[in-house]
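J.: Let me give you the structure first, and then I'll get to my questions.
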Amino acid sequence: MMKDHARLMQAFSAVDEIVGRKKLQKIIFIAKKHNYAFHEKYQFHFFGPYSEELTLRVEELCNMGFLKEFNEKKSGYYQYRYEITDEGRDFLASQTEAPSAELEPFLTDLNKQSSRFLELVSTILYFDTLEEAECIEKVKKVKEKQNYTEEEFQEALSYIAHLKNFS
């Protein structure tokens with residue numbers, strides 16, 4: 001059980017902080033799709049791939065004092081920011097499983113992207129069993145309200161190809 005918690009702690013340690021629950025969901029999903037050792041189950045939800053397991057694990061890590069969750073009001077909504085605590089670093093140091101060497105630069109690169117962009121990338125990856133044209137049409141349909149442009153789709157596809165350089 002704690003191995004999955006430790007893997008999440010490795011992710012938080014790699015990037016120092018993650019701003020936004022949606023962004024967190026997308027980062028872990030994209031890492032999982034690129035064969036990093038995350039085991040949370042995902043289903044399709046309002047903002048793309050979503051894992052109830054991930055939400056619960058993060059809550060448990062906060063309750064154990066390994067993560068600190070900051071709640072910040074931003075123009076009419078609350079945004080959450082997560083940072084690893086000293087207790088979390090101690091927990092991580094006690095773990096025997098080391099993260100892959102590529103994990104930190106991979107997650108750092110993802111964390112630099114906007115939530116909107118990661119939502120598009122993760123949704124494309126969610127439907128990656130479809131042919132590219134069919135996948136794009138599916139994403140356009142399920143993400144109609146986002147009004148993604150052709151340029152954004154091309155940027156997302158290029159970014160997905162770029163991510164393969166890490167593994």
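Labels for the structure tokens follow display order: chains A, B, ..., residues from 1 in each chain, ligands from 1.
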Name all residues at most 9 Å from Val58 in chain A (count only C-alpha atoms; drop same-chain ones fewer than 5 positions away) and give them as a PyMOL selection string.

T.: chain A and resi 5+8+53+63+67

J.: Using the chain letters and numbers from this document, which residues of chain A does DSSP assign to strand (DSSP E or B), as a list of chain:residue names?

T.: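 Output for chain A, strand (DSSP E or B) only: A:Glu17, A:Ile18, A:Val19, A:Gln43, A:Phe44, A:His45, A:Gly48, A:Pro49, A:Tyr50, A:Leu67, A:Lys68, A:Glu69, A:Phe70, A:Asn71, A:Glu72, A:Lys73, A:Lys74, A:Tyr77, A:Tyr78, A:Gln79, A:Tyr80, A:Arg81, A:Tyr82, A:Glu83, A:Ile84.
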
J.: Could you please take those selected residues and save N, CA, C and O atoms as a compact mmCIF listing (two decimals), in the first residue's frame?

T.:
```txt
# COMPACT_ATOMS: atom_id res chain seq x y z
N GLU A 17 6.58 21.67 -6.09
CA GLU A 17 5.16 21.96 -5.84
C GLU A 17 4.36 21.75 -7.11
O GLU A 17 4.90 21.85 -8.21
N ILE A 18 3.09 21.43 -6.93
CA ILE A 18 2.15 21.32 -8.04
C ILE A 18 0.97 22.21 -7.69
O ILE A 18 0.41 22.12 -6.60
N VAL A 19 0.62 23.10 -8.62
CA VAL A 19 -0.48 24.03 -8.39
C VAL A 19 -1.69 23.55 -9.17
O VAL A 19 -1.69 23.52 -10.39
N GLN A 43 -10.62 7.07 -14.99
CA GLN A 43 -11.82 7.03 -15.82
C GLN A 43 -11.99 8.42 -16.43
O GLN A 43 -11.38 9.38 -15.97
N PHE A 44 -12.81 8.50 -17.46
CA PHE A 44 -13.02 9.79 -18.09
C PHE A 44 -14.02 10.59 -17.29
O PHE A 44 -15.04 10.07 -16.86
N HIS A 45 -13.72 11.87 -17.06
CA HIS A 45 -14.54 12.73 -16.23
C HIS A 45 -14.65 14.09 -16.91
O HIS A 45 -14.18 14.28 -18.02
N GLY A 48 -11.41 15.49 -18.30
CA GLY A 48 -10.53 14.48 -18.87
C GLY A 48 -10.29 13.35 -17.89
O GLY A 48 -11.09 13.13 -16.97
N PRO A 49 -9.17 12.64 -18.05
CA PRO A 49 -8.89 11.51 -17.17
C PRO A 49 -8.83 11.94 -15.70
O PRO A 49 -8.23 12.96 -15.37
N TYR A 50 -9.47 11.14 -14.84
CA TYR A 50 -9.56 11.45 -13.42
C TYR A 50 -9.43 10.16 -12.63
O TYR A 50 -10.00 9.14 -13.00
N LEU A 67 2.44 15.76 2.93
CA LEU A 67 2.19 16.83 1.97
C LEU A 67 1.46 17.95 2.68
O LEU A 67 0.66 17.71 3.58
N LYS A 68 1.70 19.16 2.22
CA LYS A 68 0.96 20.32 2.71
C LYS A 68 0.10 20.82 1.56
O LYS A 68 0.58 21.03 0.45
N GLU A 69 -1.19 20.98 1.84
CA GLU A 69 -2.12 21.50 0.84
C GLU A 69 -2.45 22.94 1.20
O GLU A 69 -2.89 23.22 2.30
N PHE A 70 -2.20 23.83 0.25
CA PHE A 70 -2.53 25.24 0.44
C PHE A 70 -3.76 25.54 -0.40
O PHE A 70 -3.85 25.11 -1.55
N ASN A 71 -4.69 26.28 0.18
CA ASN A 71 -5.95 26.62 -0.48
C ASN A 71 -5.92 28.12 -0.75
O ASN A 71 -5.93 28.91 0.19
N GLU A 72 -5.88 28.50 -2.02
CA GLU A 72 -5.76 29.92 -2.38
C GLU A 72 -6.96 30.36 -3.21
O GLU A 72 -7.31 29.71 -4.19
N LYS A 73 -7.56 31.46 -2.80
CA LYS A 73 -8.71 31.99 -3.56
C LYS A 73 -8.19 32.77 -4.77
O LYS A 73 -7.33 33.63 -4.65
N LYS A 74 -8.72 32.40 -5.94
CA LYS A 74 -8.30 33.04 -7.19
C LYS A 74 -9.54 33.39 -8.00
O LYS A 74 -10.23 32.50 -8.45
N TYR A 77 -12.73 31.26 -7.48
CA TYR A 77 -12.62 29.83 -7.19
C TYR A 77 -11.38 29.59 -6.34
O TYR A 77 -10.53 30.46 -6.18
N TYR A 78 -11.31 28.39 -5.76
CA TYR A 78 -10.16 28.04 -4.94
C TYR A 78 -9.20 27.19 -5.75
O TYR A 78 -9.61 26.28 -6.47
N GLN A 79 -7.93 27.50 -5.61
CA GLN A 79 -6.90 26.73 -6.27
C GLN A 79 -6.05 26.08 -5.17
O GLN A 79 -5.74 26.71 -4.16
N TYR A 80 -5.70 24.83 -5.38
CA TYR A 80 -4.93 24.09 -4.40
C TYR A 80 -3.49 23.97 -4.86
O TYR A 80 -3.21 23.79 -6.04
N ARG A 81 -2.60 24.09 -3.90
CA ARG A 81 -1.17 23.96 -4.17
C ARG A 81 -0.61 22.94 -3.20
O ARG A 81 -0.94 22.95 -2.01
N TYR A 82 0.22 22.05 -3.71
CA TYR A 82 0.77 20.97 -2.89
C TYR A 82 2.28 21.07 -2.83
O TYR A 82 2.94 21.28 -3.84
N GLU A 83 2.80 20.91 -1.60
CA GLU A 83 4.24 20.88 -1.38
C GLU A 83 4.57 19.73 -0.45
O GLU A 83 3.80 19.41 0.47
N ILE A 84 5.73 19.14 -0.66
CA ILE A 84 6.20 18.08 0.23
C ILE A 84 6.71 18.71 1.53
O ILE A 84 7.28 19.80 1.51
```

J.: Using only C-alpha atoms, which protein or nucleic acid residues come within 8 Å of Asn111 in chain A? Drop anything in the same chain fewer than 2 positions from it, and give the result as a list of chain:residue names.

T.: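 Here the answer would be A:Val15, A:Ile18, A:Lys23, A:Ile27, A:Leu107, A:Thr108, A:Asp109, A:Gln113, A:Ser114.
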
J.: Residues of the last selection are to be written out with N, CA and C atoms, as a PDB file, in the first residue's frame.

T.:
```
ATOM      1  N   VAL A  15       9.258  17.864  -8.323  1.00  0.00           N
ATOM      2  CA  VAL A  15       8.836  19.170  -8.861  1.00  0.00           C
ATOM      3  C   VAL A  15       8.668  20.255  -7.792  1.00  0.00           C
ATOM      4  N   ILE A  18       3.093  21.427  -6.927  1.00  0.00           N
ATOM      5  CA  ILE A  18       2.150  21.323  -8.040  1.00  0.00           C
ATOM      6  C   ILE A  18       0.972  22.215  -7.692  1.00  0.00           C
ATOM      7  N   LYS A  23      -4.312  19.813 -12.517  1.00  0.00           N
ATOM      8  CA  LYS A  23      -2.961  19.662 -13.060  1.00  0.00           C
ATOM      9  C   LYS A  23      -2.297  18.416 -12.476  1.00  0.00           C
ATOM     10  N   ILE A  27      -0.841  15.341 -14.699  1.00  0.00           N
ATOM     11  CA  ILE A  27       0.579  14.996 -14.653  1.00  0.00           C
ATOM     12  C   ILE A  27       0.762  13.510 -14.354  1.00  0.00           C
ATOM     13  N   LEU A 107       8.627  14.923 -15.172  1.00  0.00           N
ATOM     14  CA  LEU A 107       7.597  15.607 -14.381  1.00  0.00           C
ATOM     15  C   LEU A 107       7.818  17.120 -14.353  1.00  0.00           C
ATOM     16  N   THR A 108       9.064  17.541 -14.317  1.00  0.00           N
ATOM     17  CA  THR A 108       9.373  18.977 -14.336  1.00  0.00           C
ATOM     18  C   THR A 108       8.870  19.596 -15.634  1.00  0.00           C
ATOM     19  N   ASP A 109       9.087  18.909 -16.737  1.00  0.00           N
ATOM     20  CA  ASP A 109       8.617  19.400 -18.033  1.00  0.00           C
ATOM     21  C   ASP A 109       7.092  19.505 -18.042  1.00  0.00           C
ATOM     22  N   GLN A 113       3.782  23.150 -17.935  1.00  0.00           N
ATOM     23  CA  GLN A 113       2.673  23.358 -18.868  1.00  0.00           C
ATOM     24  C   GLN A 113       1.426  23.837 -18.116  1.00  0.00           C
ATOM     25  N   SER A 114       0.523  24.470 -18.842  1.00  0.00           N
ATOM     26  CA  SER A 114      -0.728  24.928 -18.232  1.00  0.00           C
ATOM     27  C   SER A 114      -1.692  23.753 -18.022  1.00  0.00           C
TER      28      SER A 114
END
```

J.: Please return as an MDAnalysis selection string: the residues of chain A that backbone DSSP assigns to helix (DSSP H, G or I).

T.: chainID A and resid 2:15 21:33 52:63 86:93 103:111 115:126 132:142 144:146 150:166

J.: Between A:Ile136, A:Arg21, A:Glu60, A:Leu157, which one has atoms that come closest to Gly88 in chain A, using only C-alpha atoms?

T.: A:Glu60

J.: Do a neighbour search on Gln146 in chain A at 12 Å with only C-alpha atoms, toss out local chain neighbours closer than 5 positions, and write the hits as a count of residues only.

T.: 13

J.: Just give me the gap between CA of Met64 in chain A and CA of Leu24 in chain A in Å, one decimal is fine.

T.: 18.8 Å

J.: Can you tell me, as a VMD selection string, what residues are no more than 8 Å from range 91-103 of chain A when counting only C-alpha atoms, ignoring any on the same chain fewer than 2 positions away?

T.: chain A and resid 6 to 7 9 to 11 14 36 66 87 to 89 105 to 107 166 to 167

J.: Would you export the selected residues with C-alpha atoms as a JSON list (two decimals), in the first residue's frame, please?

T.:
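Written file, out21.json:
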```
[["chain", "number", "residue", "atom", "x", "y", "z"],
["A", 6, "ALA", "CA", 5.93, 6.65, -1.94],
["A", 7, "ARG", "CA", 5.75, 6.88, -5.74],
["A", 9, "MET", "CA", 5.87, 11.43, -2.93],
["A", 10, "GLN", "CA", 8.68, 10.93, -5.47],
["A", 11, "ALA", "CA", 6.61, 12.93, -7.95],
["A", 14, "ALA", "CA", 10.77, 15.96, -8.17],
["A", 36, "TYR", "CA", 6.26, 5.40, -15.13],
["A", 66, "PHE", "CA", 3.78, 14.24, 4.26],
["A", 87, "GLU", "CA", 8.16, 14.65, 7.31],
["A", 88, "GLY", "CA", 7.41, 13.70, 3.70],
["A", 89, "ARG", "CA", 11.10, 13.99, 2.79],
["A", 105, "PRO", "CA", 12.97, 15.86, -15.80],
["A", 106, "PHE", "CA", 9.78, 14.29, -17.22],
["A", 107, "LEU", "CA", 7.60, 15.61, -14.38],
["A", 166, "PHE", "CA", 12.40, 11.08, -21.75],
["A", 167, "SER", "CA", 11.81, 7.34, -21.60]]
```

J.: Leaving out Val121 in chain A and any residue of its chain fewer than 5 positions from it, which residues lie within 8 Å of it when counting only C-alpha atoms, given as a VMD selection string?

T.: chain A and resid 30 156 to 157 159 to 160

J.: How many Å separate CA of Asn147 in chain A from CA of Leu54 in chain A?

T.: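 Taking CA of Asn147 in chain A and CA of Leu54 in chain A, their separation equals 27.6 Å.
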
J.: Mind giving me the straight-line distance from CA of Glu132 in chain A to CA of Gly20 in chain A in Å, one decimal?

T.: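 Atom-to-atom, CA of Glu132 in chain A and CA of Gly20 in chain A are spaced 28.8 Å apart.
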